[in-house]
>>> print(open('coords07.pdb').read())   # PDB, C-alpha atoms
ATOM      1  CA  MET A 127     191.547 219.983 184.365
ATOM      2  CA  ASP A 128     189.871 217.413 186.622
ATOM      3  CA  ARG A 129     190.602 213.667 186.570
ATOM      4  CA  ARG A 130     187.583 212.890 184.379
ATOM      5  CA  ASP A 131     188.654 215.407 181.696
ATOM      6  CA  PHE A 132     192.235 214.185 181.883
ATOM      7  CA  LEU A 133     191.158 210.591 181.307
ATOM      8  CA  GLN A 134     188.930 211.531 178.376
ATOM      9  CA  ASN A 135     191.749 213.475 176.716
ATOM     10  CA  ALA A 136     194.211 210.669 177.292
ATOM     11  CA  LEU A 137     191.856 208.053 175.913
ATOM     12  CA  ALA A 138     191.275 210.101 172.776
ATOM     13  CA  CYS A 139     194.985 209.836 172.047
ATOM     14  CA  LEU A 140     195.397 206.113 172.646
ATOM     15  CA  ALA A 141     195.008 204.851 169.083
ATOM     16  CA  LEU A 142     197.044 205.950 166.124
ATOM     17  CA  PRO A 143     195.216 208.322 163.796
ATOM     18  CA  THR A 144     193.322 206.313 161.231
ATOM     19  CA  ASP A 145     195.823 207.060 158.484
ATOM     20  CA  ALA A 146     199.002 206.935 160.558
ATOM     21  CA  HIS A 147     201.585 204.412 159.403
ATOM     22  CA  PRO A 148     199.200 201.959 157.694
ATOM     23  CA  ALA A 149     200.170 199.414 155.129
ATOM     24  CA  SER A 150     198.915 200.346 151.699
ATOM     25  CA  PRO A 151     195.443 198.841 151.124
ATOM     26  CA  ALA A 152     196.558 197.757 147.652
ATOM     27  CA  LYS A 153     199.431 195.736 149.091
ATOM     28  CA  SER A 154     197.881 194.494 152.328
ATOM     29  CA  PRO A 155     196.784 190.835 152.556
ATOM     30  CA  ARG A 156     193.860 191.884 154.764
ATOM     31  CA  ARG A 157     191.039 194.354 154.301
ATOM     32  CA  VAL A 158     187.686 195.549 155.635
ATOM     33  CA  ASN A 159     184.736 196.583 153.474
ATOM     34  CA  THR A 160     183.195 199.921 154.503
ATOM     35  CA  VAL A 161     180.308 201.740 152.849
ATOM     36  CA  LEU A 162     182.909 204.012 151.217
ATOM     37  CA  GLY A 163     184.922 201.075 149.896
ATOM     38  CA  PRO A 164     187.558 198.637 151.167
ATOM     39  CA  THR A 165     190.256 199.798 153.547
ATOM     40  CA  ASP A 166     193.212 198.386 155.422
ATOM     41  CA  PRO A 167     192.285 197.292 158.973
ATOM     42  CA  ALA A 168     195.017 199.559 160.362
ATOM     43  CA  ARG A 169     193.053 202.558 159.090
ATOM     44  CA  LEU A 170     189.969 201.760 161.183
ATOM     45  CA  GLY A 171     191.296 203.468 164.319
ATOM     46  CA  ARG A 172     188.887 203.334 167.243
ATOM     47  CA  VAL A 173     185.856 201.176 166.482
ATOM     48  CA  LEU A 174     182.345 200.751 167.859
ATOM     49  CA  MET A 175     181.438 197.170 166.921
ATOM     50  CA  HIS A 176     177.667 197.185 167.368
ATOM     51  CA  GLU A 177     175.512 200.247 166.747
ATOM     52  CA  HIS A 178     172.389 201.166 164.754
ATOM     53  CA  VAL A 179     171.250 204.153 162.711
ATOM     54  CA  LEU A 180     167.762 203.083 161.666
ATOM     55  CA  VAL A 181     165.517 200.158 162.619
ATOM     56  CA  ASP A 182     162.069 199.138 161.407
ATOM     57  CA  PHE A 183     160.284 196.539 163.522
ATOM     58  CA  VAL A 184     157.211 196.171 161.307
ATOM     59  CA  GLY A 185     158.182 192.624 160.264
ATOM     60  CA  ALA A 186     159.894 191.087 157.238
ATOM     61  CA  GLU A 187     156.794 190.860 155.051
ATOM     62  CA  GLN A 188     155.708 194.469 155.577
ATOM     63  CA  ILE A 189     159.003 196.333 155.415
ATOM     64  CA  THR A 190     159.597 198.688 152.473
ATOM     65  CA  PRO A 191     162.025 201.607 151.918
ATOM     66  CA  GLY A 192     159.036 203.932 151.432
ATOM     67  CA  ARG A 193     158.061 203.597 155.092
ATOM     68  CA  TYR A 194     160.465 206.395 156.060
ATOM     69  CA  ASP A 195     162.025 209.562 154.672
ATOM     70  CA  PRO A 196     165.800 209.016 154.250
ATOM     71  CA  ALA A 197     166.356 212.786 154.362
ATOM     72  CA  GLU A 198     164.713 212.988 157.799
ATOM     73  CA  VAL A 199     166.754 210.058 159.085
ATOM     74  CA  PHE A 200     169.918 211.690 157.712
ATOM     75  CA  GLN A 201     169.197 214.967 159.481
ATOM     76  CA  THR A 202     168.381 213.161 162.713
ATOM     77  CA  ALA A 203     171.385 210.855 162.805
ATOM     78  CA  LEU A 204     174.112 213.139 161.426
ATOM     79  CA  PRO A 205     174.626 215.346 164.517
ATOM     80  CA  HIS A 206     174.991 212.257 166.695
ATOM     81  CA  LEU A 207     177.579 210.749 164.358
ATOM     82  CA  GLN A 208     179.470 214.034 164.155
ATOM     83  CA  LYS A 209     179.515 214.210 167.942
ATOM     84  CA  LEU A 210     180.822 210.647 168.061
ATOM     85  CA  ARG A 211     183.609 211.543 165.655
ATOM     86  CA  SER A 212     184.515 214.534 167.826
ATOM     87  CA  VAL A 213     185.122 212.347 170.906
ATOM     88  CA  GLY A 214     187.558 210.089 169.081
ATOM     89  CA  CYS A 215     185.666 207.343 167.251
ATOM     90  CA  ASN A 216     186.824 206.545 163.715
ATOM     91  CA  THR A 217     184.679 203.573 162.640
ATOM     92  CA  LEU A 218     181.129 202.433 163.406
ATOM     93  CA  VAL A 219     179.747 198.980 162.570
ATOM     94  CA  GLU A 220     176.050 199.380 161.735
ATOM     95  CA  CYS A 221     174.388 196.091 162.601
ATOM     96  CA  THR A 222     170.840 196.553 161.295
ATOM     97  CA  PRO A 223     170.180 193.495 159.080
ATOM     98  CA  ALA A 224     168.159 193.207 155.887
ATOM     99  CA  TYR A 225     164.380 193.137 156.537
ATOM    100  CA  LEU A 226     164.914 195.173 159.699
ATOM    101  CA  GLY A 227     165.814 198.515 158.110
ATOM    102  CA  ARG A 228     169.252 198.051 156.531
ATOM    103  CA  ASP A 229     169.940 201.044 154.235
ATOM    104  CA  PRO A 230     173.506 201.043 152.863
ATOM    105  CA  ALA A 231     172.951 204.100 150.642
ATOM    106  CA  LEU A 232     171.867 206.153 153.668
ATOM    107  CA  LEU A 233     174.915 204.917 155.579
ATOM    108  CA  ARG A 234     177.201 205.999 152.737
ATOM    109  CA  ARG A 235     175.745 209.534 152.833
ATOM    110  CA  LEU A 236     176.200 209.674 156.595
ATOM    111  CA  ALA A 237     179.762 208.335 156.439
ATOM    112  CA  LYS A 238     180.765 211.050 153.975
ATOM    113  CA  ALA A 239     179.068 213.817 155.927
ATOM    114  CA  ALA A 240     180.287 212.738 159.380
ATOM    115  CA  GLY A 241     183.849 211.815 158.424
ATOM    116  CA  LEU A 242     183.356 208.325 159.854
ATOM    117  CA  ARG A 243     184.005 204.901 158.411
ATOM    118  CA  ILE A 244     180.798 202.847 158.576
ATOM    119  CA  VAL A 245     180.518 199.103 158.008
ATOM    120  CA  THR A 246     177.254 197.436 156.927
ATOM    121  CA  ASN A 247     176.305 193.768 156.804
ATOM    122  CA  THR A 248     174.783 190.848 154.964
ATOM    123  CA  GLY A 249     172.763 188.014 156.531
ATOM    124  CA  LEU A 250     169.367 187.541 158.190
ATOM    125  CA  TYR A 251     168.105 188.009 161.732
ATOM    126  CA  GLY A 252     166.504 184.948 163.278
ATOM    127  CA  ALA A 253     165.943 186.118 166.850
ATOM    128  CA  ALA A 254     162.607 187.460 168.165
ATOM    129  CA  ASN A 255     160.841 184.240 167.186
ATOM    130  CA  ASP A 256     161.629 184.671 163.471
ATOM    131  CA  ARG A 257     159.483 187.784 162.956
ATOM    132  CA  TYR A 258     162.162 189.371 160.768
ATOM    133  CA  ILE A 259     162.947 186.408 158.516
ATOM    134  CA  PRO A 260     161.402 186.636 155.025
ATOM    135  CA  ARG A 261     159.361 183.680 153.802
ATOM    136  CA  PHE A 262     161.896 182.630 151.192
ATOM    137  CA  ALA A 263     164.417 181.839 153.942
ATOM    138  CA  PHE A 264     162.172 179.068 155.281
ATOM    139  CA  ARG A 265     161.897 177.504 151.816
ATOM    140  CA  GLU A 266     165.484 177.851 150.675
ATOM    141  CA  THR A 267     168.431 175.727 151.752
ATOM    142  CA  ALA A 268     171.391 177.019 153.723
ATOM    143  CA  GLN A 269     173.361 176.822 150.480
ATOM    144  CA  ASN A 270     170.791 179.065 148.752
ATOM    145  CA  LEU A 271     170.957 181.638 151.536
ATOM    146  CA  ALA A 272     174.730 181.569 151.566
ATOM    147  CA  ALA A 273     174.730 182.175 147.799
ATOM    148  CA  ARG A 274     172.626 185.312 148.331
ATOM    149  CA  TRP A 275     175.052 186.653 150.923
ATOM    150  CA  ILE A 276     178.100 185.766 148.850
ATOM    151  CA  ALA A 277     176.550 187.620 145.901
ATOM    152  CA  GLU A 278     176.143 190.729 148.063
ATOM    153  CA  PHE A 279     179.791 190.448 149.051
ATOM    154  CA  ARG A 280     181.010 190.030 145.485
ATOM    155  CA  SER A 281     178.679 192.374 143.608
ATOM    156  CA  GLY A 282     177.405 194.692 146.326
ATOM    157  CA  ILE A 283     174.029 195.091 147.995
ATOM    158  CA  PRO A 284     171.441 196.113 145.365
ATOM    159  CA  PRO A 285     170.811 198.798 144.304
ATOM    160  CA  SER A 286     173.630 200.615 146.092
ATOM    161  CA  GLY A 287     176.470 198.292 145.070
ATOM    162  CA  ILE A 288     177.906 198.694 148.593
ATOM    163  CA  ARG A 289     179.699 195.603 149.865
ATOM    164  CA  PRO A 290     179.141 194.270 153.390
ATOM    165  CA  GLY A 291     181.952 194.071 155.897
ATOM    166  CA  ILE A 292     180.393 191.467 158.181
ATOM    167  CA  ILE A 293     177.722 188.753 158.280
ATOM    168  CA  LYS A 294     174.948 189.583 160.772
ATOM    169  CA  ILE A 295     172.609 186.835 161.952
ATOM    170  CA  GLY A 296     170.490 186.274 165.050
ATOM    171  CA  VAL A 297     169.273 183.279 167.038
ATOM    172  CA  ASP A 298     166.990 182.823 170.016
ATOM    173  CA  ALA A 299     168.042 181.434 173.392
ATOM    174  CA  GLY A 300     168.597 177.759 174.027
ATOM    175  CA  ALA A 301     168.951 174.939 171.520
ATOM    176  CA  LEU A 302     168.965 176.122 167.917
ATOM    177  CA  SER A 303     165.667 175.892 166.069
ATOM    178  CA  ALA A 304     165.672 174.525 162.525
ATOM    179  CA  ILE A 305     165.662 177.997 160.959
ATOM    180  CA  ASP A 306     168.322 179.295 163.349
ATOM    181  CA  ALA A 307     170.564 176.334 162.562
ATOM    182  CA  LYS A 308     170.014 177.042 158.864
ATOM    183  CA  LEU A 309     171.117 180.653 159.313
ATOM    184  CA  VAL A 310     174.256 179.609 161.192
ATOM    185  CA  THR A 311     175.063 177.034 158.523
ATOM    186  CA  ALA A 312     174.525 179.619 155.776
ATOM    187  CA  ALA A 313     176.808 182.022 157.634
ATOM    188  CA  ALA A 314     179.475 179.327 157.871
ATOM    189  CA  LEU A 315     179.273 178.632 154.142
ATOM    190  CA  ALA A 316     179.351 182.329 153.291
ATOM    191  CA  HIS A 317     182.294 182.909 155.608
ATOM    192  CA  ARG A 318     184.285 180.192 153.894
ATOM    193  CA  GLU A 319     183.802 181.941 150.541
ATOM    194  CA  THR A 320     184.247 185.536 151.702
ATOM    195  CA  GLY A 321     186.247 185.592 154.926
ATOM    196  CA  LEU A 322     183.626 187.838 156.513
ATOM    197  CA  GLY A 323     183.243 187.572 160.269
ATOM    198  CA  ILE A 324     179.950 186.285 161.690
ATOM    199  CA  ALA A 325     178.278 188.556 164.248
ATOM    200  CA  SER A 326     175.368 186.731 165.839
ATOM    201  CA  HIS A 327     172.709 188.240 168.091
ATOM    202  CA  THR A 328     172.671 185.376 170.590
ATOM    203  CA  GLY A 329     170.031 184.683 173.208
ATOM    204  CA  ASP A 330     172.219 183.008 175.836
ATOM    205  CA  GLY A 331     175.337 180.969 176.519
ATOM    206  CA  LYS A 332     173.712 177.703 175.466
ATOM    207  CA  ALA A 333     172.916 179.167 172.060
ATOM    208  CA  ALA A 334     176.458 180.526 171.772
ATOM    209  CA  MET A 335     177.945 177.088 172.408
ATOM    210  CA  ALA A 336     175.528 175.489 169.937
ATOM    211  CA  GLN A 337     176.561 177.941 167.232
ATOM    212  CA  LEU A 338     180.255 177.373 167.871
ATOM    213  CA  GLU A 339     179.728 173.631 167.619
ATOM    214  CA  LEU A 340     177.851 173.974 164.336
ATOM    215  CA  LEU A 341     180.541 176.248 162.922
ATOM    216  CA  LYS A 342     183.135 173.664 163.912
ATOM    217  CA  GLN A 343     181.233 171.035 161.947
ATOM    218  CA  HIS A 344     181.631 173.260 158.889
ATOM    219  CA  ASP A 345     185.356 173.805 159.475
ATOM    220  CA  VAL A 346     184.930 177.437 160.536
ATOM    221  CA  SER A 347     187.289 178.692 163.220
ATOM    222  CA  PRO A 348     185.756 180.101 166.419
ATOM    223  CA  SER A 349     187.780 183.247 165.713
ATOM    224  CA  ALA A 350     185.277 184.033 162.937
ATOM    225  CA  PHE A 351     182.400 184.203 165.451
ATOM    226  CA  ILE A 352     181.290 187.287 167.417
ATOM    227  CA  TRP A 353     178.934 186.510 170.296
ATOM    228  CA  VAL A 354     176.703 189.604 170.223
ATOM    229  CA  HIS A 355     174.967 190.637 173.474
ATOM    230  CA  ALA A 356     177.123 188.324 175.578
ATOM    231  CA  GLN A 357     176.412 190.574 178.590
ATOM    232  CA  ASN A 358     172.900 189.115 178.726
ATOM    233  CA  GLU A 359     174.329 185.740 179.799
ATOM    234  CA  LYS A 360     174.838 186.004 183.557
ATOM    235  CA  ASP A 361     176.975 182.885 183.866
ATOM    236  CA  LYS A 362     180.466 184.242 183.203
ATOM    237  CA  ASP A 363     181.770 180.720 182.698
ATOM    238  CA  PHE A 364     180.155 180.757 179.248
ATOM    239  CA  HIS A 365     182.149 183.907 178.428
ATOM    240  CA  ARG A 366     185.335 182.176 179.489
ATOM    241  CA  GLN A 367     184.579 179.041 177.478
ATOM    242  CA  ALA A 368     183.803 180.973 174.305
ATOM    243  CA  ALA A 369     186.892 183.167 174.602
ATOM    244  CA  GLU A 370     189.177 180.210 175.347
ATOM    245  CA  MET A 371     187.849 178.543 172.202
ATOM    246  CA  GLY A 372     188.895 181.655 170.290
ATOM    247  CA  ALA A 373     185.524 183.374 169.755
ATOM    248  CA  TRP A 374     184.952 187.085 170.205
ATOM    249  CA  VAL A 375     182.847 187.898 173.280
ATOM    250  CA  GLU A 376     181.016 191.186 172.753
ATOM    251  CA  PHE A 377     179.721 193.179 175.705
ATOM    252  CA  ASP A 378     177.540 195.752 173.985
ATOM    253  CA  GLY A 379     174.624 197.705 175.432
ATOM    254  CA  VAL A 380     176.966 200.034 177.328
ATOM    255  CA  SER A 381     175.021 202.973 178.749
ATOM    256  CA  SER A 382     175.159 205.290 181.733
ATOM    257  CA  GLN A 383     172.919 202.818 183.578
ATOM    258  CA  THR A 384     175.105 199.758 182.911
ATOM    259  CA  LEU A 385     178.602 201.086 183.653
ATOM    260  CA  ALA A 386     179.154 199.042 186.811
ATOM    261  CA  GLY A 387     177.984 195.761 185.271
ATOM    262  CA  HIS A 388     179.938 196.192 182.062
ATOM    263  CA  THR A 389     183.068 197.169 183.973
ATOM    264  CA  ASP A 390     182.741 193.995 186.030
ATOM    265  CA  LEU A 391     182.418 191.893 182.857
ATOM    266  CA  VAL A 392     185.540 193.387 181.296
ATOM    267  CA  LEU A 393     187.525 193.051 184.520
ATOM    268  CA  ALA A 394     186.486 189.406 184.860
ATOM    269  CA  MET A 395     187.808 188.634 181.386
ATOM    270  CA  ARG A 396     190.989 190.588 182.095
ATOM    271  CA  HIS A 397     191.537 188.608 185.303
ATOM    272  CA  GLN A 398     191.388 185.398 183.272
ATOM    273  CA  GLY A 399     193.835 186.686 180.681
ATOM    274  CA  LEU A 400     191.121 186.859 177.998
ATOM    275  CA  LEU A 401     190.890 190.589 177.322
ATOM    276  CA  GLY A 402     192.258 189.918 173.851
ATOM    277  CA  ARG A 403     188.957 188.261 172.886
ATOM    278  CA  VAL A 404     186.654 191.019 174.174
ATOM    279  CA  LEU A 405     184.721 193.578 172.128
ATOM    280  CA  VAL A 406     182.708 196.464 173.583
ATOM    281  CA  SER A 407     179.992 198.668 172.121
ATOM    282  CA  GLN A 408     176.727 200.419 172.993
ATOM    283  CA  ASP A 409     173.944 199.130 170.714
ATOM    284  CA  ALA A 410     172.879 202.787 170.543
ATOM    285  CA  GLY A 411     171.272 205.080 167.967
ATOM    286  CA  TRP A 412     167.955 203.625 166.785
ATOM    287  CA  TYR A 413     165.860 205.926 164.620
ATOM    288  CA  HIS A 414     162.604 203.991 164.983
ATOM    289  CA  VAL A 415     160.555 203.934 161.790
ATOM    290  CA  GLY A 416     156.902 204.589 162.587
ATOM    291  CA  GLU A 417     157.583 206.773 165.638
ATOM    292  CA  SER A 418     157.293 210.547 165.415
ATOM    293  CA  GLY A 419     160.682 211.957 164.449
ATOM    294  CA  GLY A 420     162.157 208.501 164.864
ATOM    295  CA  GLY A 421     161.495 208.440 168.592
ATOM    296  CA  GLU A 422     164.305 208.774 171.141
ATOM    297  CA  PHE A 423     167.734 208.563 169.489
ATOM    298  CA  ARG A 424     170.326 207.301 171.962
ATOM    299  CA  GLU A 425     173.722 209.022 171.920
ATOM    300  CA  TYR A 426     176.750 207.148 170.592
ATOM    301  CA  ASP A 427     179.404 208.732 172.810
ATOM    302  CA  THR A 428     178.790 207.239 176.280
ATOM    303  CA  LEU A 429     181.438 204.575 175.804
ATOM    304  CA  PHE A 430     184.056 207.260 175.180
ATOM    305  CA  THR A 431     182.934 209.842 177.712
ATOM    306  CA  GLU A 432     181.979 207.555 180.609
ATOM    307  CA  PHE A 433     182.885 203.891 180.144
ATOM    308  CA  LEU A 434     186.527 204.153 179.054
ATOM    309  CA  PRO A 435     187.409 206.577 181.859
ATOM    310  CA  ARG A 436     185.737 204.170 184.291
ATOM    311  CA  LEU A 437     187.804 201.253 182.955
ATOM    312  CA  ALA A 438     190.959 203.350 183.268
ATOM    313  CA  ALA A 439     190.064 204.225 186.852
ATOM    314  CA  ALA A 440     189.525 200.497 187.510
ATOM    315  CA  GLY A 441     193.099 199.791 186.466
ATOM    316  CA  LEU A 442     193.135 199.066 182.728
ATOM    317  CA  ASN A 443     196.274 200.500 181.189
ATOM    318  CA  ASP A 444     196.670 202.270 177.859
ATOM    319  CA  THR A 445     197.654 199.089 176.036
ATOM    320  CA  GLU A 446     194.574 197.237 177.279
ATOM    321  CA  LEU A 447     192.232 200.097 176.380
ATOM    322  CA  LEU A 448     193.803 200.307 172.939
ATOM    323  CA  ALA A 449     193.145 196.588 172.464
ATOM    324  CA  LEU A 450     189.459 196.961 173.331
ATOM    325  CA  LEU A 451     188.807 199.896 171.007
ATOM    326  CA  SER A 452     191.255 199.328 168.149
ATOM    327  CA  GLN A 453     193.253 196.119 167.971
ATOM    328  CA  ASN A 454     190.485 193.646 168.836
ATOM    329  CA  PRO A 455     187.886 195.176 166.475
ATOM    330  CA  GLN A 456     190.419 195.432 163.675
ATOM    331  CA  GLN A 457     191.168 191.721 164.021
ATOM    332  CA  ALA A 458     187.482 190.789 164.248
ATOM    333  CA  LEU A 459     186.622 192.719 161.073
ATOM    334  CA  SER A 460     189.722 191.827 159.080
ATOM    335  CA  GLN A 461     189.218 189.488 156.126
ATOM    336  CA  PRO A 462     191.556 188.054 153.479
ATOM    337  CA  ASP A 463     191.940 190.374 150.499
ATOM    338  CA  TRP A 464     190.467 187.963 147.966
ATOM    339  CA  GLY A 465     189.289 190.745 145.668
TER     340      GLY A 465
END
>>> encode(input="coords07.pdb", output="structure tokens")
Amino acid sequence: MDRRDFLQNALACLALPTDAHPASPAKSPRRVNTVLGPTDPARLGRVLMHEHVLVDFVGAEQITPGRYDPAEVFQTALPHLQKLRSVGCNTLVECTPAYLGRDPALLRRLAKAAGLRIVTNTGLYGAANDRYIPRFAFRETAQNLAARWIAEFRSGIPPSGIRPGIIKIGVDAGALSAIDAKLVTAAALAHRETGLGIASHTGDGKAAMAQLELLKQHDVSPSAFIWVHAQNEKDKDFHRQAAEMGAWVEFDGVSSQTLAGHTDLVLAMRHQGLLGRVLVSQDAGWYHVGESGGGEFREYDTLFTEFLPRLAAAGLNDTELLALLSQNPQQALSQPDWG
């Protein structure tokens, strides 16, 4: 067995099995909503915090479920999810928002078939110059939007009845536009009623700081905020500031081409004693509606087969790797068990 195989085998054993020594979900004060129902955070095991199964970039006003064949998407995505499960992943957070291809019923089928826990989301995506925001969001107040998201949390996403495990929003770079500020405010209000974490596709460090300030104005702790795509901000001082405030700094987009850069980002946070606020993922998958066969589907397993061994070779110990893949995500997804 060479060093690479040894590291992969060792990393697969780092986290407890998903059902090893957990508190009973019925008795636990914390929980996480998955597409198969609520579970105790300790059962999540190793988690990928930001991935996609299906995306549809046609725009909010044109998107309809009939634009794709769920059976074809299922057959395309299932082998990739099964492969991911085989390399040691237990839970996948599917971050495709409403009006961009969110399909909780499809995710439930895939979760059952692949033996994975999958988490879906509520919220709206305001990045990409608002192309994926439905018209009603411009008319309604932040309170109205929050009420929609709270209803999905309490009653389930129609027609599936599946409850979201996270709030997913998105904002463009720089100062927050009026609609982006509305989405952040709505997320703050919804968080206060549900306890769901807020994962925000964020254009740059300035936008991250603006969101944290707005959340503070609504009495929401920075620990509820996940800065998605933080690797795109090249000024590492923004990462430090956000983490020191208590926010989650997510370096997603891990691929074979980004291993050196992502390793450097993780090591920089470790050097500053901030590894406990770091999340990692790949932003992989992506069955593209409208492309033949869904286009190129990116594998989900690179983080396990290439990135974690690289981090181990760079000096991260078993406890630190366990934090990145299990303990940090479990904390970020955990919500009060309010029923």
>>> residues_around(input="coords07.pdb", residues="segment 231-243 of chain A", least_positions_apart="6", cutoff="10 Å", atoms="all atoms listed in the file", output="ChimeraX atom specification")
/A:144,159-163,165,169-171,173,179-180,196-197,199-201,203-212,215-220,283-288
>>> atom_distance(input="coords07.pdb", atom1="atom CA of Ser347 of chain A", atom2="atom CA of Lys294 of chain A")
16.6 Å
>>> residues_around(input="coords07.pdb", residues="segment 440-455 of chain A", least_positions_apart="3", cutoff="9 Å", atoms="all atoms listed in the file", output="number ranges by chain")
A: 136-137, 140-141, 167-168, 170-175, 215, 374, 389, 393, 396, 401-407, 434-437, 458-460
>>> write_last_selection(input="coords07.pdb", atoms="C-alpha atoms", output="short mmCIF file (atom, residue, chain, number, x, y, z; two decimals), in the coordinates of the input")
data_model
loop_
_atom_site.label_atom_id
_atom_site.label_comp_id
_atom_site.auth_asym_id
_atom_site.auth_seq_id
_atom_site.Cartn_x
_atom_site.Cartn_y
_atom_site.Cartn_z
CA ALA A 136 194.21 210.67 177.29
CA LEU A 137 191.86 208.05 175.91
CA LEU A 140 195.40 206.11 172.65
CA ALA A 141 195.01 204.85 169.08
CA PRO A 167 192.28 197.29 158.97
CA ALA A 168 195.02 199.56 160.36
CA LEU A 170 189.97 201.76 161.18
CA GLY A 171 191.30 203.47 164.32
CA ARG A 172 188.89 203.33 167.24
CA VAL A 173 185.86 201.18 166.48
CA LEU A 174 182.34 200.75 167.86
CA MET A 175 181.44 197.17 166.92
CA CYS A 215 185.67 207.34 167.25
CA TRP A 374 184.95 187.08 170.20
CA THR A 389 183.07 197.17 183.97
CA LEU A 393 187.52 193.05 184.52
CA ARG A 396 190.99 190.59 182.10
CA LEU A 401 190.89 190.59 177.32
CA GLY A 402 192.26 189.92 173.85
CA ARG A 403 188.96 188.26 172.89
CA VAL A 404 186.65 191.02 174.17
CA LEU A 405 184.72 193.58 172.13
CA VAL A 406 182.71 196.46 173.58
CA SER A 407 179.99 198.67 172.12
CA LEU A 434 186.53 204.15 179.05
CA PRO A 435 187.41 206.58 181.86
CA ARG A 436 185.74 204.17 184.29
CA LEU A 437 187.80 201.25 182.96
CA ALA A 458 187.48 190.79 164.25
CA LEU A 459 186.62 192.72 161.07
CA SER A 460 189.72 191.83 159.08
#
>>> atom_distance(input="coords07.pdb", atom1="atom CA of Ala356 of chain A", atom2="atom CA of Asp330 of chain A")
7.2 Å
>>> resolve_selection(input="coords07.pdb", expression="the PyMOL selection byres ((chain A and resi 303) around 12)", output="list in words")
Gly252, Ala253, Asn255, Asp256, Phe264, Gly296, Val297, Asp298, Ala299, Gly300, Ala301, Leu302, Ala304, Ile305, Asp306, Ala307, Lys308, Leu309, Val310, Ala333, Ala336 and Gln337 of chain A
>>> residues_around(input="coords07.pdb", residues="segment 318-322 of chain A", least_positions_apart="3", cutoff="8 Å", atoms="all atoms listed in the file", output="number ranges by chain")
A: 276, 279, 291-293, 314-315, 346, 350, 459-462, 464
>>> write_last_selection(input="coords07.pdb", atoms="C-alpha atoms", output="tab-separated table (two decimals), in the frame of the given file")
chain	number	residue	atom	x	y	z
A	276	ILE	CA	178.10	185.77	148.85
A	279	PHE	CA	179.79	190.45	149.05
A	291	GLY	CA	181.95	194.07	155.90
A	292	ILE	CA	180.39	191.47	158.18
A	293	ILE	CA	177.72	188.75	158.28
A	314	ALA	CA	179.48	179.33	157.87
A	315	LEU	CA	179.27	178.63	154.14
A	346	VAL	CA	184.93	177.44	160.54
A	350	ALA	CA	185.28	184.03	162.94
A	459	LEU	CA	186.62	192.72	161.07
A	460	SER	CA	189.72	191.83	159.08
A	461	GLN	CA	189.22	189.49	156.13
A	462	PRO	CA	191.56	188.05	153.48
A	464	TRP	CA	190.47	187.96	147.97
>>> resolve_selection(input="coords07.pdb", expression="the PyMOL selection byres ((chain A and resi 360-373) around 8)", output="list in words")
Gly331, Ala334, Met335, Ser347, Pro348, Ser349, Ala350, Phe351, Ile352, Trp353, Ala356, Gln357, Asn358, Glu359, Trp374, Val375, Leu391, Met395, Gln398, Leu400, Arg403 and Val404 of chain A
>>> residues_around(input="coords07.pdb", residues="Arg193 of chain A", least_positions_apart="4", cutoff="8 Å", atoms="all atoms listed in the file", output="PyMOL selection string")
chain A and resi 189+415-416
>>> atom_distance(input="coords07.pdb", atom1="atom CA of Ala263 of chain A", atom2="atom CA of Gly192 of chain A")
22.9 Å
>>> resolve_selection(input="coords07.pdb", expression="the PyMOL selection byres ((chain A and resi 380) around 7)", output="list in words")
Asp378, Gly379, Ser381, Thr384, Leu385, His388, Ser407, Gln408 and Leu429 of chain A
>>> closest_residue(input="coords07.pdb", among="A:Pro260, A:Gly421, A:Pro164, A:Gly185", to="Val245 of chain A", atoms="only C-alpha atoms")
A:Pro164
>>> closest_residue(input="coords07.pdb", among="A:Ile295, A:Ala313, A:Thr222, A:Tyr426", to="Ala268 of chain A", atoms="all atoms listed in the file")
A:Ala313
>>> closest_residue(input="coords07.pdb", among="A:Val213, A:Ala316, A:Ile259, A:Ile324", to="Glu432 of chain A", atoms="all atoms listed in the file")
A:Val213
>>> axis_aligned_box(input="coords07.pdb", around="segment 423-427 of chain A", padding_each_side="8 Å", output="JSON")
{"center_x": 173.6, "center_y": 208.1, "center_z": 171.1, "size_x": 27.7, "size_y": 17.9, "size_z": 19.3}
>>> closest_residue(input="coords07.pdb", among="A:His355, A:Arg289, A:Arg274, A:His176", to="Thr328 of chain A", atoms="all atoms listed in the file")
A:His355
>>> closest_residue(input="coords07.pdb", among="A:Gln456, A:Gly420, A:Tyr413, A:Gly387", to="Glu177 of chain A", atoms="only C-alpha atoms")
A:Tyr413
